[in-house]
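Shown next: run-v5.cif, containing mmCIF, C-alpha atoms.
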```
data_work
#
loop_
_atom_site.label_atom_id
_atom_site.label_comp_id
_atom_site.auth_asym_id
_atom_site.auth_seq_id
_atom_site.Cartn_x
_atom_site.Cartn_y
_atom_site.Cartn_z
CA LEU T 553 8.88 -2.60 5.85
CA THR T 554 5.43 -2.03 4.37
CA GLN T 555 6.55 -3.46 1.02
CA HIS T 556 8.16 -6.44 2.76
CA THR T 557 4.93 -7.10 4.66
CA GLN T 558 2.89 -6.99 1.46
CA ALA T 559 5.29 -9.30 -0.38
CA THR T 560 5.76 -11.92 2.35
CA GLY T 561 2.60 -11.62 4.42
CA VAL T 562 4.70 -11.30 7.59
CA LYS T 563 3.58 -8.40 9.77
CA LEU T 564 6.57 -6.21 10.67
CA CYS T 565 5.29 -3.57 13.06
CA ALA T 566 5.74 -2.31 16.58
CA GLY T 567 2.90 -1.99 19.09
CA LYS T 568 2.18 1.06 21.23
CA ARG T 569 -0.33 0.69 24.06
CA LEU T 570 -3.13 3.25 23.82
CA PRO T 571 -4.09 5.23 26.95
CA GLU T 572 -7.76 4.44 26.28
CA PRO T 573 -9.30 1.76 24.03
CA VAL T 574 -10.47 3.09 20.65
CA THR T 575 -13.49 1.69 18.78
CA ARG T 576 -13.35 1.86 14.99
CA ASP T 577 -15.72 0.88 12.20
CA ILE T 578 -14.30 -1.98 10.11
CA MET T 579 -15.42 -2.99 6.64
CA GLU T 580 -14.11 -6.12 4.95
CA ILE T 581 -15.06 -8.20 1.97
CA VAL T 582 -15.88 -11.86 2.63
CA PRO T 583 -15.48 -14.18 -0.37
CA ASN T 584 -17.68 -17.25 -0.85
CA LYS T 585 -14.90 -19.57 -1.99
CA GLY T 586 -17.26 -22.25 -3.24
CA ALA T 587 -19.09 -19.93 -5.64
CA ILE T 588 -15.83 -18.24 -6.72
CA GLY T 589 -14.22 -21.66 -7.32
CA LYS T 590 -17.11 -22.82 -9.51
CA ALA T 591 -17.13 -19.59 -11.52
CA PHE T 592 -13.39 -19.02 -12.00
CA LYS T 593 -11.83 -22.51 -11.69
CA LYS T 594 -8.02 -22.08 -11.90
CA GLU T 595 -8.16 -18.32 -11.40
CA ALA T 596 -10.13 -18.62 -8.12
CA LYS T 597 -7.02 -18.25 -5.95
CA SER T 598 -5.90 -15.06 -7.71
CA VAL T 599 -9.44 -13.64 -7.40
CA THR T 600 -9.60 -14.35 -3.64
CA ASP T 601 -6.08 -12.95 -3.17
CA MET T 602 -7.10 -9.78 -5.01
CA LEU T 603 -10.23 -9.46 -2.85
CA ALA T 604 -8.06 -9.67 0.28
CA LYS T 605 -5.88 -6.80 -1.00
CA LEU T 606 -8.73 -4.38 -1.78
CA SER T 607 -8.58 -0.97 -0.12
CA LEU T 608 -11.48 0.57 1.82
CA GLU T 609 -12.49 2.71 -1.18
CA GLN T 610 -12.48 -0.32 -3.48
CA ILE T 611 -14.59 -2.31 -1.00
CA ASN T 612 -17.10 0.57 -0.89
CA LYS T 613 -17.23 0.60 -4.70
CA VAL T 614 -17.80 -3.18 -4.82
CA GLU T 615 -20.60 -2.85 -2.24
CA VAL T 616 -22.33 -0.09 -4.25
CA ASP T 617 -21.92 -2.06 -7.50
CA LEU T 618 -23.31 -5.24 -5.90
CA ALA T 619 -26.38 -3.33 -4.70
CA GLY T 620 -27.07 -2.49 -8.34
CA GLY T 621 -26.35 -5.99 -9.64
CA ASP T 622 -22.81 -7.15 -10.46
CA ALA T 623 -19.43 -5.72 -9.47
CA SER T 624 -16.30 -5.72 -11.59
CA ILE T 625 -12.66 -5.72 -10.43
CA ASP T 626 -9.35 -6.16 -12.25
CA VAL T 627 -7.35 -9.29 -11.48
CA ASP T 628 -3.91 -9.39 -13.14
CA GLY T 629 -5.11 -6.88 -15.74
CA LYS T 630 -8.27 -8.84 -16.62
CA PRO T 631 -11.75 -7.62 -15.62
CA VAL T 632 -13.61 -10.08 -13.37
CA THR T 633 -17.35 -9.86 -12.70
CA LEU T 634 -18.55 -10.72 -9.20
CA THR T 635 -22.14 -11.45 -8.17
CA LYS T 636 -23.89 -11.18 -4.79
CA ASP T 637 -23.52 -14.92 -4.14
CA MET T 638 -19.71 -14.74 -4.61
CA VAL T 639 -18.91 -11.98 -2.10
CA SER T 640 -20.47 -10.13 0.79
CA VAL T 641 -19.36 -6.98 2.57
CA LYS T 642 -19.13 -7.27 6.34
CA LYS T 643 -19.31 -4.16 8.55
CA TYR T 644 -18.61 -4.22 12.28
CA GLN T 645 -16.96 -2.29 15.11
CA LYS T 646 -13.70 -3.35 16.70
CA THR T 647 -12.04 -2.09 19.87
CA PHE T 648 -8.29 -1.50 19.67
CA HIS T 649 -6.03 -1.43 22.75
CA VAL T 650 -2.72 -1.24 20.85
CA GLU T 651 -1.72 1.04 17.98
CA GLU T 652 0.40 -0.66 15.33
CA ILE T 653 3.31 1.43 14.07
CA ILE T 654 5.41 0.56 11.01
CA PRO T 655 8.88 2.09 11.48
CA SER T 656 10.31 4.02 8.55
CA VAL T 657 13.91 2.97 9.18
CA ILE T 658 15.41 0.16 11.21
CA GLU T 659 19.18 0.03 11.55
CA PRO T 660 20.14 -2.06 14.58
CA SER T 661 23.87 -2.01 13.80
CA PHE T 662 26.09 -0.27 11.33
CA GLY T 663 29.68 -1.50 11.52
CA ILE T 664 32.65 -1.17 9.19
CA GLY T 665 31.63 -4.36 7.38
CA ARG T 666 28.46 -2.73 6.11
CA VAL T 667 30.34 0.40 5.07
CA MET T 668 32.85 -1.66 3.09
CA TYR T 669 30.08 -3.73 1.51
CA ALA T 670 28.28 -0.53 0.41
CA ILE T 671 31.51 0.87 -1.09
CA PHE T 672 32.24 -2.35 -2.98
CA GLU T 673 28.64 -2.69 -4.16
CA HIS T 674 28.53 0.83 -5.62
CA ASN T 675 31.93 0.66 -7.29
CA PHE T 676 31.86 -2.83 -8.80
CA LYS T 677 31.88 -2.62 -12.61
CA VAL T 678 31.55 -5.13 -15.47
CA ARG T 679 33.12 -4.51 -18.86
CA GLU T 680 30.59 -4.18 -21.67
CA GLY T 681 30.65 -7.15 -24.01
CA ASP T 682 32.87 -9.20 -21.66
CA GLU T 683 31.03 -10.09 -18.44
CA GLN T 684 34.00 -12.17 -17.21
CA ARG T 685 36.17 -9.06 -16.80
CA THR T 686 35.12 -7.19 -13.69
CA TYR T 687 36.84 -4.39 -11.78
CA PHE T 688 36.44 -1.82 -9.01
CA SER T 689 36.33 1.87 -9.80
CA LEU T 690 37.03 3.44 -6.42
CA PRO T 691 36.91 7.25 -6.07
CA PRO T 692 40.32 8.81 -5.22
CA VAL T 693 39.10 9.93 -1.80
CA ILE T 694 38.66 6.35 -0.55
CA SER T 695 41.13 4.51 -2.78
CA PRO T 696 44.10 3.10 -0.84
CA LEU T 697 46.35 3.32 -3.93
CA LYS T 698 46.47 5.85 -6.75
CA CYS T 699 47.53 3.24 -9.27
CA SER T 700 48.16 -0.47 -9.22
CA LEU T 701 50.26 -2.41 -11.69
CA LEU T 702 49.37 -6.07 -11.70
CA PRO T 703 50.93 -8.72 -13.95
CA LEU T 704 48.42 -10.59 -16.07
CA SER T 705 50.79 -13.48 -16.58
CA ASN T 706 53.07 -15.56 -14.35
CA ASN T 707 55.74 -15.47 -17.05
CA THR T 708 59.09 -14.67 -15.39
CA ASP T 709 60.13 -12.52 -18.37
CA PHE T 710 57.61 -9.86 -17.30
CA THR T 711 58.76 -9.63 -13.66
CA PRO T 712 61.74 -7.26 -14.24
CA TRP T 713 59.65 -5.00 -16.48
CA CYS T 714 56.87 -4.80 -13.84
CA ARG T 715 59.38 -3.92 -11.10
CA ARG T 716 60.93 -1.15 -13.26
CA SER T 717 57.51 0.28 -14.13
CA ALA T 718 56.37 0.20 -10.49
CA ARG T 719 59.18 2.54 -9.42
#
```
Give the structure from the file, written as structure tokens.
Amino acid sequence: LTQHTQATGVKLCAGKRLPEPVTRDIMEIVPNKGAIGKAFKKEAKSVTDMLAKLSLEQINKVEVDLAGGDASIDVDGKPVTLTKDMVSVKKYQKTFHVEEIIPSVIEPSFGIGRVMYAIFEHNFKVREGDEQRTYFSLPPVISPLKCSLLPLSNNTDFTPWCRRSAR
């Protein structure tokens, strides 16, 4: 769920009420979008998105670097130099009444449909060099038939031969 939250921006977590409110120190980076827009033009959005994703350690590093002059971060593999007028680091305290918990596994229902889908998904094969020819390779433990003889043609000449071979 953590990966889904990062990809979509939708928070998927459960809340647990704390017995007592907890006060924590918060540090966040605040971009000056006007200065970033003037400096980076088309790349301004990717720079601000990257600033929003920085971890606490990275924010500390940017703050230390800005105190000495300019800070540098990587945006899409390219180094970007930030100045004091482009970003500021904001520190404050926040009181929390609810603890957010991200569940490791959520499985609200698990019926036979999901089991069958998983079996089909793991045993579906495609012939190399001929993507149009697909087949299932079911293990003998779950296969309903040991062997299946299927005619590849509707030609009536093959019907007696298929019936003899099936016996």
ask   = Expanded to explicit residues, what is the PyMOL selection byres ((chain T and resi 577-581) around 12) for this file, as an NGL selection string?
value = :T and (574-576 or 582-584 or 600-615 or 618 or 634 or 636 or 638-648)
Pull C-alpha atoms from the residues just selected and write them as a PDB file, in the coordinates of the input.
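Saved to selection_36.pdb:
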```
ATOM      1  CA  VAL T 574     -10.470   3.090  20.650  1.00  0.00           C
ATOM      2  CA  THR T 575     -13.490   1.690  18.780  1.00  0.00           C
ATOM      3  CA  ARG T 576     -13.350   1.860  14.990  1.00  0.00           C
ATOM      4  CA  VAL T 582     -15.880 -11.860   2.630  1.00  0.00           C
ATOM      5  CA  PRO T 583     -15.480 -14.180  -0.370  1.00  0.00           C
ATOM      6  CA  ASN T 584     -17.680 -17.250  -0.850  1.00  0.00           C
ATOM      7  CA  THR T 600      -9.600 -14.350  -3.640  1.00  0.00           C
ATOM      8  CA  ASP T 601      -6.080 -12.950  -3.170  1.00  0.00           C
ATOM      9  CA  MET T 602      -7.100  -9.780  -5.010  1.00  0.00           C
ATOM     10  CA  LEU T 603     -10.230  -9.460  -2.850  1.00  0.00           C
ATOM     11  CA  ALA T 604      -8.060  -9.670   0.280  1.00  0.00           C
ATOM     12  CA  LYS T 605      -5.880  -6.800  -1.000  1.00  0.00           C
ATOM     13  CA  LEU T 606      -8.730  -4.380  -1.780  1.00  0.00           C
ATOM     14  CA  SER T 607      -8.580  -0.970  -0.120  1.00  0.00           C
ATOM     15  CA  LEU T 608     -11.480   0.570   1.820  1.00  0.00           C
ATOM     16  CA  GLU T 609     -12.490   2.710  -1.180  1.00  0.00           C
ATOM     17  CA  GLN T 610     -12.480  -0.320  -3.480  1.00  0.00           C
ATOM     18  CA  ILE T 611     -14.590  -2.310  -1.000  1.00  0.00           C
ATOM     19  CA  ASN T 612     -17.100   0.570  -0.890  1.00  0.00           C
ATOM     20  CA  LYS T 613     -17.230   0.600  -4.700  1.00  0.00           C
ATOM     21  CA  VAL T 614     -17.800  -3.180  -4.820  1.00  0.00           C
ATOM     22  CA  GLU T 615     -20.600  -2.850  -2.240  1.00  0.00           C
ATOM     23  CA  LEU T 618     -23.310  -5.240  -5.900  1.00  0.00           C
ATOM     24  CA  LEU T 634     -18.550 -10.720  -9.200  1.00  0.00           C
ATOM     25  CA  LYS T 636     -23.890 -11.180  -4.790  1.00  0.00           C
ATOM     26  CA  MET T 638     -19.710 -14.740  -4.610  1.00  0.00           C
ATOM     27  CA  VAL T 639     -18.910 -11.980  -2.100  1.00  0.00           C
ATOM     28  CA  SER T 640     -20.470 -10.130   0.790  1.00  0.00           C
ATOM     29  CA  VAL T 641     -19.360  -6.980   2.570  1.00  0.00           C
ATOM     30  CA  LYS T 642     -19.130  -7.270   6.340  1.00  0.00           C
ATOM     31  CA  LYS T 643     -19.310  -4.160   8.550  1.00  0.00           C
ATOM     32  CA  TYR T 644     -18.610  -4.220  12.280  1.00  0.00           C
ATOM     33  CA  GLN T 645     -16.960  -2.290  15.110  1.00  0.00           C
ATOM     34  CA  LYS T 646     -13.700  -3.350  16.700  1.00  0.00           C
ATOM     35  CA  THR T 647     -12.040  -2.090  19.870  1.00  0.00           C
ATOM     36  CA  PHE T 648      -8.290  -1.500  19.670  1.00  0.00           C
TER      37      PHE T 648
END
```
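Using all atoms listed in the file, the protein and nucleic acid residues lying at most 10 Å from the point (9.5, 0.8, 13.4) are Leu553, Leu564, Cys565, Ala566, Gly567, Glu652, Ile653, Ile654, Pro655, Ser656, Val657, Ile658 and Glu659 of chain T.
Here atom CA of T:Asp628 and atom CA of T:Val599 stand 9.0 Å from one another.
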request  = I would like the residues chosen by the PyMOL selection byres ((chain T and resi 718) around 10) on the shown file; could you give them as number ranges by chain?
outcome  = T: 699-702, 712-717, 719
query = Can you tell me, as a list in words, what residues are no more than 8 Å from T:Thr635 when counting all atoms listed in the file, ignoring any on the same chain fewer than 5 positions away?
reply = Leu618, Gly621, Asp622 and Ala623 of chain T
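Atom CA of T:Ala559 is positioned 20.9 Å from atom CA of T:Ile625.
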Non-local contacts of T:Phe688 (12 Å; all atoms listed in the file; under 6 positions in same chain excluded) as a PDB file with C-alpha atoms, keeping the file's coordinate frame:
```pdb
ATOM      1  CA  ILE T 671      31.510   0.870  -1.090  1.00  0.00           C
ATOM      2  CA  PHE T 672      32.240  -2.350  -2.980  1.00  0.00           C
ATOM      3  CA  GLU T 673      28.640  -2.690  -4.160  1.00  0.00           C
ATOM      4  CA  HIS T 674      28.530   0.830  -5.620  1.00  0.00           C
ATOM      5  CA  ASN T 675      31.930   0.660  -7.290  1.00  0.00           C
ATOM      6  CA  PHE T 676      31.860  -2.830  -8.800  1.00  0.00           C
ATOM      7  CA  LYS T 677      31.880  -2.620 -12.610  1.00  0.00           C
ATOM      8  CA  VAL T 678      31.550  -5.130 -15.470  1.00  0.00           C
ATOM      9  CA  ARG T 679      33.120  -4.510 -18.860  1.00  0.00           C
ATOM     10  CA  ILE T 694      38.660   6.350  -0.550  1.00  0.00           C
ATOM     11  CA  SER T 695      41.130   4.510  -2.780  1.00  0.00           C
ATOM     12  CA  SER T 700      48.160  -0.470  -9.220  1.00  0.00           C
TER      13      SER T 700
END
```
